[in-house]
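Undergrad: Quick one: the structure is below, questions incoming.
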Amino acid sequence: MRKVYLDHAATTPLHPEVLALMCDFMRDTFGNPSSVHSFGREAKKFTQEARQKVADLIGAAPEEIYFTSGGTEADNIAIIGTAMARRKNGNHIITSAIEHHAVLDTFKYLAKNGFEVTLLPVDKYGMVDPDEVAGAIRKETTLVTIMHANNEIGTIQPIAEIGRIVREHGVVFHSDAVQTLTKIPVNVDDLGVGLLSLSAHKIYGPKGIGALYVRKGIRLQPIIHGGGQERKLRSGTENTPGIVGFGKAAEIGGRDMEQESKRVQGLRDKLIRRVLAEIPSVTLNGHPEQRLPNNANFSVAYVEGESLVLSLDLDGIAVSSGSACSSGSLQPSHVLTALGLPHEMMHGSLRMTLGRANSEEDIDYVVESLKGIVTRLRSFSPLAQPVRA
Amino acid sequence: MRKVYLDHAATTPLHPEVLALMCDFMRDTFGNPSSVHSFGREAKKFTQEARQKVADLIGAAPEEIYFTSGGTEADNIAIIGTAMARRKNGNHIITSAIEHHAVLDTFKYLAKNGFEVTLLPVDKYGMVDPDEVAGAIRKETTLVTIMHANNEIGTIQPIAEIGRIVREHGVVFHSDAVQTLTKIPVNVDDLGVGLLSLSAHKIYGPKGIGALYVRKGIRLQPIIHGGGQERKLRSGTENTPGIVGFGKAAEIGGRDMEQESKRVQGLRDKLIRRVLAEIPSVTLNGHPEQRLPNNANFSVAYVEGESLVLSLDLDGIAVSSGSACSSGSLQPSHVLTALGLPHEMMHGSLRMTLGRANSEEDIDYVVESLKGIVTRLRSFSPLAQPVRA
Amino acid sequence: MYNETVMANFQNPQNVGEIPDADGIGEVGNIVCGDILRVYIKVKEGKLDDVKYMTYGCAAATASGSMMTTLAKGLTIEEGLNLVNKDVAKALGGLPPQKMHCSNLAADALHRAIRDWQKKTGQLPEGYEEAEDGHDHGDEDGCPVAE
Amino acid sequence: MYNETVMANFQNPQNVGEIPDADGIGEVGNIVCGDILRVYIKVKEGKLDDVKYMTYGCAAATASGSMMTTLAKGLTIEEGLNLVNKDVAKALGGLPPQKMHCSNLAADALHRAIRDWQKKTGQLPEGYEEAEDGHDHGDEDGCPVAE
Ligand SMILES: Cc1ncc(COP(=O)(O)O)c(C=O)c1O
Ligand SMILES: Cc1ncc(COP(=O)(O)O)c(C=O)c1O
C-alpha cells in the first residue's frame with residue numbers, strides 16, 4: 001500500500017546524510033567529550049563542530065548554544081531556569097494560551113510553586129496581540145515566552161514586534177522555535193530573543209537532542225545537576241551522536257530551507273485548495289497567511305478526528321488530530337479551544353503537516369482518500385443526519 | 001600506534017549488535033510513539049520491547065522502567081522527585097560522601113532549597129557502614145541514596161543490607177547502579193531498592209539514554225514538564241533509537257555478564273598484580289575485594305595524575321585520573337578526598353577501567369608503558385628528589 | 001492501541017445506518033464531549049428484529065456500536081435490557097482504559113431505544129427513571145474521565 | 001585541550017633536572033594544591049648561564065618550566081627578573097584558562113632562584129619582600145581557582 005507521511009510536525013525521518021554520518025560516528029567515535037585522552041578529545045571536536053553549525057543556523061555564537069535532550073527540556077530550562085534565577089526580581093511570568101505543553105505545563109508547575117502566571121488569549125486565527133503583551137507586563141515580570149509558530153495550527157506569531165516590547169521592559173524573552181527552524185528564517189537578533197528552544201527531530205535530525213540558545217549575559221539556574229557539562233547548565237554525559245546528527249541536520253536544513261519551503265508550500269496550498277473545494281463543510285484552522293509553509297489544519301464537520309486519523313491510517317496516510325479521542329486526553333486540544341471553535345469543529349480537527357518526502361501524487365492520493373472517508377463516516381453520523389422518526 | 005582503551009567507566013563503545021540495530025531502526029522506524037497512526041504504533045512497539053529487556057535485566061516489571069536522557073537525569077528525578085513528592089513527610093535526605101556528582105550536586109541544590117542533608121563518611125576503602133545509615137535516619141528522613149558501586153574506586157556497597165535498614169524505617173531507598181549494571185548482578189528485589197538509576201552508555205549502549213526504575217507505588221514529582229511521556233514522569237518526545245539501543249545493550253549485557261566479568265576480572269587482577277609488583281611506591285585505592293571486576297585505581301607517588309594520563313595517551317592508552325589538574329576543577333576528586341589519602345596520593349591517582357575490547361596483550365603493553373612513564377616523570381619530580389643544595 | 005477485533009468493527013461496522021420506520025430510538029452522548037451514539041430498533045414478537053445505529057465519535061464508539069448491534073439482534077426485550085456495556089467491551093476483546101466509556105455508549109443507547117419503544121407502546125414499567133440508563137453527560141465538566 | 005607547543009614541551013621538556021652545584025634555587029607551589037616547580041640557576045658574568053627545573057604537576061606546569069628555562073637561559077639577571085608569567089604563557093601559544101596558574105609557577109620560581117642567588121651573594125635589594133614573587137598558595141583554600 002502507498003504510504004504517505006503527513007505528520008512532520010510530530011516528528012520527521014532522519015535525513016539520509018544525517019543517518020550516514022551518525023552511523024559512521026557511532027562506529028568510530030565513542031569517547032566521552034569530558035575525557036582528557038584522545039578518545040575524548042576526538043569526540044569533543046565533533047561536538048564543537050556541531051555546535052558551530054547549530055549556532056550558524058540561527059545567527060548565534062557557538063558558546064550561546066546549550067545542548068539538551070530535546071525541545072521539551074529546552075523549554076523547561078528556559079522557563080524554570082529564568083524564573084528561578086530571577087526570583088529576586090519578581091515572580092510574574094507571561095505566556096500565551098496556545099503554547100506547547102512543554103511550556104504550559106511548566107507554567108502550571110511554577111504556578112503551584114508560588115509564581116503568578118498570565119496566559120494571553122489569541123484571536124480566532126491563533127494570533128497573540130503584541131499590545132496585550134505590553135499590557136500584561138508588570139514590575140514583577142521576569143519572563144515572557146511566546147512560541148514562534150504553533151505546532152497544531154501553524155500560526156506564526158509577530159515575535160520581532162513582541163521581542164521589542166519585552167526588551168524595552170527589561171524582561172527576558174524566550175521563544176519556542178521548535179516548529180519554525182528550517183521552515184522559515186530563525187535569527188536570534190532579528191527575532192530579538194534572549195532564549196530560543198530548538199529540537200533536532202523536527203528537522204530531519206535525531207530524537208533525544210535539542211538545544212537552548214542563551215544570549216550572552218543571561219543567567220539560568222540549571223534543572224539537572226551533576227558533572228557540569230554544557231558549561232554547567234546541563235549536566236550529564238553528552239549525547240554525542242545526537243549532537244553530531246543535530247549539527248548535520250541544521251546544516252542541511254539551512255542550506256535547503258528556501259527551496260524546500262517553497263516546494264512544500266506549493267503542495268500544502270494545493271492540499272488546502274482541493275480539500276476546501278471538494279469536501280463540503282470543512283474549514284481551515286489557523287491564520288490564512290501567517291502560517292508555517294507545511295501546515296494544514298482542517299475541521300471536518302459531522303465526523304470525529306480520531307476516526308478520520310485511523311481511517312486515513314488504514315489507507316496508509318499518517319496525520320494527527322487535536323480531537324479529545326485522538327489524544328486520549330478526553331478534552332480537545334487547548335489550542336483549538338483557545339481559538340473559540342464550536343465543539344463540533346474542535347472534535348473534527350485534522351492536522352496535515354508536509355515535508356521532504358511528499359509529492360504532488362501524495363496530495364492527490366490524500367484528497368481522494370479523505371473524500372471517501374468523510375463521505376463514509378458522515379453516512380452514519382447522527383450529526384449529519386438529524387433524527388427523523 | 002596501538003590503542004588501548006582503559007576508560008570504560010567513563011563510557012563504552014557501542015556493541016556492534018547495538019550499532020547495527022540502531023542504524024536499521026533509525027533508517028526504518030522514525031515515528032513518534034505518541035502518534036496514533038501506524039508509524040507511531042510501530043515505534044511504540046519497539047520501545048516497549050526495549051522496556052521489557054531493561055526490566056528483565058534487573059528483575060523489574062516493564063511498567064516500572066522510565067526512560068530518561070541518562071544516568072544523571074535518572075539520579076536527579078529520583079532525588080528531587082522523591083524529596084518534592086514527600087516534602088510533607090519531612091525534609092531530610094541522606095547520601096554518602098562518595099556519590100557521583102549527579103547525586104551530590106543534586107543534594108547541594110536541595111540543601112540550598114530548604115532541605116537538610118546528611119553525607120555519610122566512608123572508611124579508607126570507600127565503604128559505607130550500614131550502621132551509620134541506621135544512625136542517620138530521623139523522623140523527617142524521606143530518602144536515602146547510596147550508590148551500588150563507585151565510579152572512581154570501584155568499591156561495591158552493601159546495598160542489600162542498607163536497603164533492609166532503610167525499608168524498615170519506611171524511607172524511600174535509591175541506588176545509582178550506573179557502574180554495576182552488567183558487571184555484577186543487579187536485581188531490584190535482591191537489592192531492596194525502591195528506585196534505581198541506570199545509564200546505557202556504560203554498558204555498550206548509546207549515549208543520551210538511561211532509565212530510572214521506580215517500584216510500583218512510589219510517587220515522584222517530575223522535573224521536566226510537558227507532553228506527559230513516560231507515564232507523565234518524563235515529558236519530551238522519546239529518544240526511540242536510544243531506547244532501542246539500550247534494550248539491545250541490556251539484553252547482550254545480561255547474556256554475557258558472567259563470562260565477560262570473569263574474563264575482565266582476570267585481566268584486571270593481572271594489571272593490579274604487575275603494577276604493584278613492578279612499579280615502586282604505588283598503592284591500590286578502593287576495596288581489595290568488594291570492587292567492580294573491571295576497576296583498578298592506583299595512586300602513584302611523586303607524579304601528578306594529569307601528567308600520567310597525558311603521557312599514557314601519547315602511547316595510545318586512554319585512562320583517567322581524579323587529580324585536580326586532570327579534571328580542571330583544581331580540587332582532587334571528592335572520592336579520593338573522602339578516603340583520607342595523603343595529598344600526594346590524591347594528586348597521583350590513576351583509574352584504569354577495563355572492558356570488552358581489552359586483551360592480555362593490552363595489559364602487558366600498558367604495564368610496560370606505565371613503567372617507563374613513571375620513571376621518566378619521577379626523574380624530574382622535586383618530590384622524588386629533595387633539594388640537595 | 002486498539003486490538004484487531006475493534007479495528008475490524010471500526011473498519012467494517014455492522015448495522016450502521018437509520019431505520020426510517022424504527023419502533024424505538026435512543027441516543028446518548030453529546031457534542032461537547034465529542035461522542036454520540038443513536039440506536040434504532042424494530043421489535044417483532046417481543047424480539048429485537050432489527051437494530052441499527054449511527055455514531056459520531058472515536059473508533060471505539062463505532063466499534064462498540066457495531067458489536068452491540070450484532071449482539072443485540074434477535075434478543076428478547078428482556079435480554080436486550082440485560083445486555084450491558086461490559087458485554088460489549090468483552091466481545092470486542094477489550095478496549096484501552098481511556099476508551100472504556102465509548103463502550104458504555106452503546107448498551108446505554110440500546111436501553112434508551114427499548115424504553116422509547118416501551119413508552120410508545122405503553123409498556124414502560126412503573127417508576128422507570130431515564131437516569132437508570134445512565135451516560136447522559138451533559139457538559140464539558142461532565143465528560144467522562146479516564147482513570 | 002593543550003596546543004601543540006604545549007604538548008611538545010610536555011612530551012620533550014627542555015632543561016629538566018637538577019644542577020647539583022646551583023648558584024640559586026627557587027621553589028613555588030606545594031603538594032596540597034598539587035603543583036610544585038623548582039628552578040636551579042647557574043650565574044656567570046651577570047647572566048643566567050644555566051637554568052634547569054624540576055616539577056610536579058600537570059602537563060602545563062611541565063611545559064611552562066620547559067619554556068621558561070628556554071627563554072631564561074642567557075638572559076641577564078635584570079632580564080630574568082623581568083621575565084613574567086605572561087611571557088611564558090605567550091611563548092607556549094596560550095594555555096587553557098583553568099591552567100593559567102601553571103604558567104605562573106615557572107617565572108615565579110625563576111625569580112625566587114635569582115633572589116636566592118642574590119641573597120647568597122649579598123646582592124638582595126634593600127626592602128625586598130619574598131611575597132613580591134607571589135604564588136605561594138599555602139593551603140587548600142588558597143589553591144588557585146579558575147575563573
Ligand atoms: C512547539 C513545540 N515545542 C516543543 C516541542 C517538544 O520538543 P521535543 O519533542 O523535542 O521534546 C514540540 C514537539 O513536540 C513542539 O512542537
Ligand atoms: C555512578 C555514576 N552515576 C551517574 C553517572 C551519570 O550518568 P550519565 O553519564 O548517563 O549522565 C555516571 C557516569 O557518568 C556514573 O558513573
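In the C-alpha cells, chains take letters A, B, ... by order of appearance, with residues numbered from 1 within each chain and ligands from 1 in the order shown.
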Could you please tell me, as number ranges by chain, which residues of chain B have an atom within 12 Å of chain D when using only C-alpha atoms?
TA: B: 301-315, 321-332, 337, 341-349, 373-374, 376-389
Undergrad: Could you turn the residues from that selection into a file that holds N, CA and C atoms, as a compact mmCIF listing (two decimals), in the first residue's frame?
TA:
# COMPACT_ATOMS: atom_id res chain seq x y z
N ALA B 301 52.99 7.62 43.70
CA ALA B 301 53.67 8.67 44.45
C ALA B 301 54.61 9.47 43.56
N TYR B 302 54.77 10.75 43.85
CA TYR B 302 55.77 11.65 43.24
C TYR B 302 55.42 12.15 41.84
N VAL B 303 54.35 11.64 41.26
CA VAL B 303 53.97 12.19 39.95
C VAL B 303 52.48 12.53 39.96
N GLU B 304 52.14 13.52 39.15
CA GLU B 304 50.78 14.05 39.18
C GLU B 304 49.94 13.35 38.10
N GLY B 305 48.64 13.19 38.43
CA GLY B 305 47.75 12.38 37.60
C GLY B 305 47.60 12.84 36.16
N GLU B 306 47.43 14.12 35.94
CA GLU B 306 47.22 14.56 34.55
C GLU B 306 48.42 14.24 33.69
N SER B 307 49.59 14.39 34.28
CA SER B 307 50.80 14.07 33.51
C SER B 307 50.85 12.60 33.16
N LEU B 308 50.38 11.77 34.07
CA LEU B 308 50.31 10.34 33.78
C LEU B 308 49.32 10.08 32.65
N VAL B 309 48.14 10.69 32.77
CA VAL B 309 47.08 10.46 31.78
C VAL B 309 47.56 10.88 30.39
N LEU B 310 48.16 12.07 30.32
CA LEU B 310 48.58 12.56 29.00
C LEU B 310 49.78 11.79 28.47
N SER B 311 50.64 11.35 29.35
CA SER B 311 51.78 10.56 28.87
C SER B 311 51.30 9.21 28.35
N LEU B 312 50.40 8.59 29.06
CA LEU B 312 49.85 7.32 28.58
C LEU B 312 49.11 7.54 27.26
N ASP B 313 48.41 8.66 27.18
CA ASP B 313 47.68 8.98 25.96
C ASP B 313 48.62 9.05 24.77
N LEU B 314 49.83 9.58 25.01
CA LEU B 314 50.80 9.66 23.91
C LEU B 314 51.26 8.27 23.49
N ASP B 315 51.06 7.30 24.36
CA ASP B 315 51.33 5.90 23.98
C ASP B 315 50.07 5.19 23.49
N SER B 321 42.01 10.14 35.65
CA SER B 321 42.61 10.44 36.94
C SER B 321 41.64 11.30 37.73
N GLY B 322 41.68 11.13 39.03
CA GLY B 322 40.88 12.01 39.88
C GLY B 322 41.68 13.21 40.35
N SER B 323 42.81 13.44 39.68
CA SER B 323 43.64 14.57 40.11
C SER B 323 42.96 15.88 39.77
N ALA B 324 43.31 16.91 40.49
CA ALA B 324 42.72 18.22 40.26
C ALA B 324 43.02 18.71 38.87
N CYS B 325 44.26 18.57 38.47
CA CYS B 325 44.68 19.03 37.17
C CYS B 325 43.86 18.40 36.07
N SER B 326 43.67 17.10 36.21
CA SER B 326 43.02 16.36 35.15
C SER B 326 41.57 16.78 34.99
N SER B 327 40.92 17.04 36.08
CA SER B 327 39.50 17.37 35.98
C SER B 327 39.31 18.84 35.65
N GLY B 328 40.40 19.61 35.76
CA GLY B 328 40.26 21.04 35.55
C GLY B 328 39.55 21.73 36.69
N SER B 329 39.28 20.97 37.75
CA SER B 329 38.50 21.56 38.84
C SER B 329 39.39 22.16 39.92
N LEU B 330 40.66 21.88 39.86
CA LEU B 330 41.64 22.41 40.81
C LEU B 330 41.47 21.85 42.22
N GLN B 331 40.60 20.87 42.35
CA GLN B 331 40.49 20.14 43.62
C GLN B 331 40.53 18.67 43.25
N PRO B 332 41.31 17.88 43.95
CA PRO B 332 41.27 16.45 43.64
C PRO B 332 39.87 15.90 43.92
N THR B 337 39.41 12.30 48.27
CA THR B 337 39.45 13.10 49.49
C THR B 337 38.75 12.38 50.63
N LEU B 341 43.16 9.99 51.76
CA LEU B 341 44.51 9.80 51.22
C LEU B 341 45.36 11.02 51.50
N PRO B 342 46.68 10.80 51.63
CA PRO B 342 47.58 11.96 51.67
C PRO B 342 47.47 12.73 50.35
N HIS B 343 47.70 14.05 50.41
CA HIS B 343 47.57 14.88 49.22
C HIS B 343 48.33 14.31 48.03
N GLU B 344 49.53 13.89 48.30
CA GLU B 344 50.37 13.40 47.25
C GLU B 344 49.75 12.21 46.52
N MET B 345 49.06 11.35 47.27
CA MET B 345 48.47 10.18 46.65
C MET B 345 47.18 10.55 45.92
N MET B 346 46.50 11.59 46.40
CA MET B 346 45.30 12.04 45.69
C MET B 346 45.66 12.60 44.33
N HIS B 347 46.72 13.41 44.31
CA HIS B 347 47.08 14.06 43.05
C HIS B 347 47.65 13.08 42.04
N GLY B 348 48.14 11.96 42.53
CA GLY B 348 48.75 11.00 41.62
C GLY B 348 47.85 9.81 41.32
N SER B 349 46.55 10.03 41.30
CA SER B 349 45.65 8.89 41.10
C SER B 349 45.48 8.56 39.62
N ILE B 373 56.96 5.60 31.84
CA ILE B 373 56.45 6.96 32.09
C ILE B 373 56.71 7.39 33.53
N VAL B 374 56.44 6.49 34.46
CA VAL B 374 56.62 6.84 35.87
C VAL B 374 58.10 7.12 36.14
N ARG B 376 60.32 8.19 34.03
CA ARG B 376 60.69 9.45 33.39
C ARG B 376 60.16 10.65 34.19
N LEU B 377 58.87 10.61 34.55
CA LEU B 377 58.29 11.75 35.26
C LEU B 377 58.93 11.92 36.63
N ARG B 378 59.24 10.81 37.25
CA ARG B 378 59.88 10.91 38.56
C ARG B 378 61.29 11.49 38.44
N SER B 379 61.89 11.28 37.26
CA SER B 379 63.28 11.73 37.11
C SER B 379 63.39 13.24 37.27
N PHE B 380 62.32 13.96 37.03
CA PHE B 380 62.41 15.41 37.27
C PHE B 380 61.33 15.89 38.24
N SER B 381 60.89 14.98 39.11
CA SER B 381 59.93 15.40 40.13
C SER B 381 60.66 15.88 41.38
N PRO B 382 60.35 17.07 41.82
CA PRO B 382 61.01 17.56 43.04
C PRO B 382 60.59 16.75 44.28
N LEU B 383 59.46 16.05 44.19
CA LEU B 383 59.04 15.24 45.35
C LEU B 383 59.90 13.99 45.45
N ALA B 384 60.28 13.45 44.31
CA ALA B 384 61.11 12.25 44.32
C ALA B 384 62.54 12.59 44.72
N GLN B 385 62.93 13.83 44.46
CA GLN B 385 64.30 14.25 44.72
C GLN B 385 64.31 15.51 45.58
N PRO B 386 64.51 15.35 46.86
CA PRO B 386 64.51 16.53 47.72
C PRO B 386 65.66 17.46 47.37
N VAL B 387 65.53 18.72 47.73
CA VAL B 387 66.58 19.71 47.45
C VAL B 387 67.90 19.25 48.07
N ARG B 388 68.95 19.30 47.27
CA ARG B 388 70.25 18.88 47.79
C ARG B 388 71.10 20.08 48.19
N ALA B 389 71.02 21.08 47.35
CA ALA B 389 71.94 22.20 47.54
C ALA B 389 71.71 22.92 48.86
Undergrad: With only C-alpha atoms considered, list every residue of chain A at most 8 Å from chain B, as number ranges by chain.
TA: A: 10-14, 16, 19, 23, 26-27, 29-32, 35-39, 69-73, 76, 100-106, 109, 206-209, 223-227, 235-242, 309-310, 313, 316, 318-320, 326
Undergrad: From the list B:Ile165, B:Met257, B:Leu181, B:Leu233, which residue is nearest ligand 2 when using only C-alpha atoms and all ligand atoms?
TA: B:Leu181
Undergrad: Distance CA of Val43 (chain C)-CA of Met68 (chain C), one decimal place?
TA: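 Interatomic distance here is 16.2 Å.
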Undergrad: Neighbours of Pro62 (chain A) within 8 Å (only C-alpha atoms; same-chain residues fewer than 5 positions away dropped), as a ChimeraX atom specification?
TA: /A:48,51-52,54-56
Undergrad: Can you list, as a VMD selection string, all residues belonging to region 24-88 of chain B that DSSP tags as alpha helix (DSSP H)?
TA: chain B and resid 24 to 28 38 to 58 71 to 85
Undergrad: Determine, counting only C-alpha atoms, which protein, DNA and RNA residues have an atom within 9 Å of an atom of Glu4 (chain D); residues of the same chain fewer than 3 positions away are not included. Present the result as a PyMOL selection string.
TA: chain D and resi 7-9+92-93
Undergrad: To test your reading of the structure, identify every residue in chain C that backbone DSSP assigns to strand (DSSP E), and report it as a PyMOL selection string.
TA: chain C and resi 24-30+35-44+47-56
Undergrad: Limited to N, CA and C atoms, could you put the picked residues into a file as a JSON list (two decimals), in the first residue's frame?
TA:
[["chain", "number", "residue", "atom", "x", "y", "z"],
["C", 24, "GLY", "N", -38.35, 2.19, 17.94],
["C", 24, "GLY", "CA", -37.79, 2.93, 19.07],
["C", 24, "GLY", "C", -36.45, 3.53, 18.70],
["C", 25, "ILE", "N", -36.14, 4.70, 19.28],
["C", 25, "ILE", "CA", -34.86, 5.37, 19.01],
["C", 25, "ILE", "C", -34.27, 5.80, 20.35],
["C", 26, "GLY", "N", -33.00, 5.56, 20.52],
["C", 26, "GLY", "CA", -32.33, 6.02, 21.74],
["C", 26, "GLY", "C", -31.01, 6.67, 21.40],
["C", 27, "GLU", "N", -30.68, 7.75, 22.10],
["C", 27, "GLU", "CA", -29.42, 8.43, 21.82],
["C", 27, "GLU", "C", -28.74, 8.80, 23.12],
["C", 28, "VAL", "N", -27.46, 8.59, 23.20],
["C", 28, "VAL", "CA", -26.69, 9.06, 24.37],
["C", 28, "VAL", "C", -25.46, 9.80, 23.89],
["C", 29, "GLY", "N", -24.86, 10.53, 24.81],
["C", 29, "GLY", "CA", -23.68, 11.33, 24.48],
["C", 29, "GLY", "C", -24.08, 12.70, 23.98],
["C", 30, "ASN", "N", -23.11, 13.53, 23.73],
["C", 30, "ASN", "CA", -23.40, 14.87, 23.20],
["C", 30, "ASN", "C", -22.15, 15.44, 22.56],
["C", 35, "ASP", "N", -18.80, 12.55, 21.66],
["C", 35, "ASP", "CA", -19.27, 11.23, 21.24],
["C", 35, "ASP", "C", -20.77, 11.11, 21.39],
["C", 36, "ILE", "N", -21.40, 10.60, 20.34],
["C", 36, "ILE", "CA", -22.86, 10.46, 20.29],
["C", 36, "ILE", "C", -23.13, 9.10, 19.66],
["C", 37, "LEU", "N", -24.08, 8.38, 20.23],
["C", 37, "LEU", "CA", -24.47, 7.11, 19.62],
["C", 37, "LEU", "C", -25.99, 7.03, 19.63],
["C", 38, "ARG", "N", -26.54, 6.79, 18.47],
["C", 38, "ARG", "CA", -28.00, 6.73, 18.33],
["C", 38, "ARG", "C", -28.39, 5.34, 17.83],
["C", 39, "VAL", "N", -29.35, 4.74, 18.48],
["C", 39, "VAL", "CA", -29.77, 3.37, 18.13],
["C", 39, "VAL", "C", -31.22, 3.36, 17.65],
["C", 40, "TYR", "N", -31.45, 2.61, 16.59],
["C", 40, "TYR", "CA", -32.81, 2.40, 16.06],
["C", 40, "TYR", "C", -33.16, 0.92, 16.25],
["C", 41, "ILE", "N", -34.39, 0.65, 16.70],
["C", 41, "ILE", "CA", -34.79, -0.77, 16.79],
["C", 41, "ILE", "C", -36.13, -1.01, 16.11],
["C", 42, "LYS", "N", -36.23, -2.23, 15.60],
["C", 42, "LYS", "CA", -37.53, -2.75, 15.14],
["C", 42, "LYS", "C", -37.84, -3.92, 16.07],
["C", 43, "VAL", "N", -39.07, -3.93, 16.60],
["C", 43, "VAL", "CA", -39.45, -5.01, 17.52],
["C", 43, "VAL", "C", -40.51, -5.88, 16.85],
["C", 44, "LYS", "N", -40.30, -7.18, 16.93],
["C", 44, "LYS", "CA", -41.25, -8.10, 16.32],
["C", 44, "LYS", "C", -41.40, -9.29, 17.26],
["C", 47, "LYS", "N", -39.19, -9.48, 20.23],
["C", 47, "LYS", "CA", -37.74, -9.62, 19.99],
["C", 47, "LYS", "C", -37.21, -8.42, 19.22],
["C", 48, "LEU", "N", -35.90, -8.20, 19.38],
["C", 48, "LEU", "CA", -35.26, -7.12, 18.62],
["C", 48, "LEU", "C", -35.01, -7.65, 17.21],
["C", 49, "ASP", "N", -35.95, -7.33, 16.34],
["C", 49, "ASP", "CA", -35.90, -7.89, 14.99],
["C", 49, "ASP", "C", -34.80, -7.22, 14.16],
["C", 50, "ASP", "N", -34.63, -5.93, 14.37],
["C", 50, "ASP", "CA", -33.54, -5.23, 13.68],
["C", 50, "ASP", "C", -32.98, -4.16, 14.62],
["C", 51, "VAL", "N", -31.69, -4.00, 14.58],
["C", 51, "VAL", "CA", -31.02, -2.97, 15.40],
["C", 51, "VAL", "C", -29.98, -2.29, 14.53],
["C", 52, "LYS", "N", -30.10, -1.00, 14.43],
["C", 52, "LYS", "CA", -29.09, -0.25, 13.68],
["C", 52, "LYS", "C", -28.60, 0.93, 14.52],
["C", 53, "TYR", "N", -27.49, 1.49, 14.10],
["C", 53, "TYR", "CA", -27.00, 2.62, 14.87],
["C", 53, "TYR", "C", -26.26, 3.61, 13.98],
["C", 54, "MET", "N", -26.17, 4.81, 14.49],
["C", 54, "MET", "CA", -25.32, 5.84, 13.87],
["C", 54, "MET", "C", -24.46, 6.38, 15.00],
["C", 55, "THR", "N", -23.26, 6.78, 14.62],
["C", 55, "THR", "CA", -22.43, 7.32, 15.70],
["C", 55, "THR", "C", -21.52, 8.43, 15.21],
["C", 56, "TYR", "N", -21.22, 9.29, 16.16],
["C", 56, "TYR", "CA", -20.20, 10.33, 15.98],
["C", 56, "TYR", "C", -19.27, 10.12, 17.16]]
Undergrad: Could you tell me how far CA of Asn151 (chain A) sits from CA of Ile363 (chain A), in Å to one decimal place?
TA: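 About the pair CA of Ile363 (chain A) and CA of Asn151 (chain A): they are 20.6 Å apart.
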Undergrad: One decimal, Å: what's the distance from CA of Ala277 (chain B) over to CA of Leu6 (chain B), could you say?
TA: 19.9 Å
Undergrad: Need the shell around Glu78 (chain D): protein/DNA/RNA residues with any atom at most 12 Å away, counting only C-alpha atoms. Skip same-chain ones fewer than 5 positions apart. Format as number ranges by chain?
TA: D: 46-48, 72, 83-84, 110-111, 114-115, 118
Undergrad: Using the selection just defined, write its residues with all heavy atoms as a short mmCIF file (atom, residue, chain, number, x, y, z; two decimals), in the first residue's frame.
TA:
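Output file selection_21.cif follows:
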data_model
loop_
_atom_site.label_atom_id
_atom_site.label_comp_id
_atom_site.auth_asym_id
_atom_site.auth_seq_id
_atom_site.Cartn_x
_atom_site.Cartn_y
_atom_site.Cartn_z
N GLY D 46 77.05 37.84 35.39
CA GLY D 46 75.78 38.59 35.43
C GLY D 46 74.70 38.02 34.54
O GLY D 46 73.67 38.64 34.34
N LYS D 47 74.97 36.85 34.02
CA LYS D 47 73.97 36.25 33.14
C LYS D 47 73.53 34.88 33.68
O LYS D 47 74.29 34.23 34.41
CB LYS D 47 74.55 36.07 31.75
CG LYS D 47 74.70 37.38 31.01
CD LYS D 47 74.78 37.13 29.52
CE LYS D 47 74.75 38.45 28.77
NZ LYS D 47 75.11 38.30 27.36
N LEU D 48 72.34 34.49 33.27
CA LEU D 48 71.85 33.17 33.65
C LEU D 48 72.51 32.17 32.72
O LEU D 48 72.06 31.91 31.60
CB LEU D 48 70.32 33.10 33.51
CG LEU D 48 69.57 34.04 34.48
CD1 LEU D 48 68.09 34.13 34.12
CD2 LEU D 48 69.74 33.57 35.92
N ALA D 72 64.82 31.78 29.57
CA ALA D 72 65.65 32.45 30.58
C ALA D 72 67.15 32.30 30.32
O ALA D 72 67.94 33.19 30.63
CB ALA D 72 65.30 31.91 31.97
N LEU D 83 61.31 38.74 33.23
CA LEU D 83 60.56 37.68 32.52
C LEU D 83 59.33 37.34 33.37
O LEU D 83 59.47 36.91 34.52
CB LEU D 83 61.45 36.44 32.35
CG LEU D 83 60.80 35.29 31.58
CD1 LEU D 83 60.76 35.59 30.08
CD2 LEU D 83 61.59 33.99 31.82
N VAL D 84 58.16 37.58 32.84
CA VAL D 84 56.97 37.33 33.67
C VAL D 84 56.15 36.15 33.13
O VAL D 84 56.38 35.65 32.04
CB VAL D 84 56.09 38.60 33.80
CG1 VAL D 84 56.80 39.65 34.65
CG2 VAL D 84 55.70 39.13 32.44
N LEU D 110 61.62 31.08 38.95
CA LEU D 110 62.87 31.66 38.47
C LEU D 110 63.26 32.86 39.33
O LEU D 110 64.42 32.99 39.76
CB LEU D 110 62.73 32.09 37.01
CG LEU D 110 63.93 32.87 36.44
CD1 LEU D 110 65.17 31.97 36.34
CD2 LEU D 110 63.62 33.47 35.07
N HIS D 111 62.27 33.73 39.57
CA HIS D 111 62.57 34.92 40.38
C HIS D 111 63.08 34.52 41.76
O HIS D 111 64.03 35.11 42.28
CB HIS D 111 61.32 35.81 40.50
CG HIS D 111 60.79 36.27 39.17
ND1 HIS D 111 59.55 36.83 39.00
CD2 HIS D 111 61.34 36.23 37.93
CE1 HIS D 111 59.36 37.12 37.73
NE2 HIS D 111 60.43 36.76 37.05
N ILE D 114 66.62 33.48 41.50
CA ILE D 114 67.52 34.65 41.37
C ILE D 114 67.68 35.34 42.73
O ILE D 114 68.79 35.70 43.14
CB ILE D 114 66.97 35.63 40.31
CG1 ILE D 114 67.03 34.98 38.92
CG2 ILE D 114 67.75 36.96 40.34
CD1 ILE D 114 66.40 35.80 37.80
N ARG D 115 66.57 35.50 43.43
CA ARG D 115 66.64 36.13 44.76
C ARG D 115 67.55 35.30 45.69
O ARG D 115 68.32 35.85 46.47
CB ARG D 115 65.25 36.26 45.39
CG ARG D 115 64.27 37.15 44.64
CD ARG D 115 64.82 38.55 44.38
NE ARG D 115 63.82 39.42 43.79
CZ ARG D 115 64.09 40.61 43.27
NH1 ARG D 115 65.35 41.06 43.24
NH2 ARG D 115 63.14 41.35 42.78
N GLN D 118 70.94 36.10 44.79
CA GLN D 118 71.26 37.45 45.28
C GLN D 118 71.53 37.41 46.78
O GLN D 118 72.45 38.06 47.28
CB GLN D 118 70.09 38.41 44.98
CG GLN D 118 69.97 38.77 43.49
CD GLN D 118 68.82 39.71 43.21
OE1 GLN D 118 67.79 39.67 43.89
NE2 GLN D 118 68.98 40.59 42.22
#
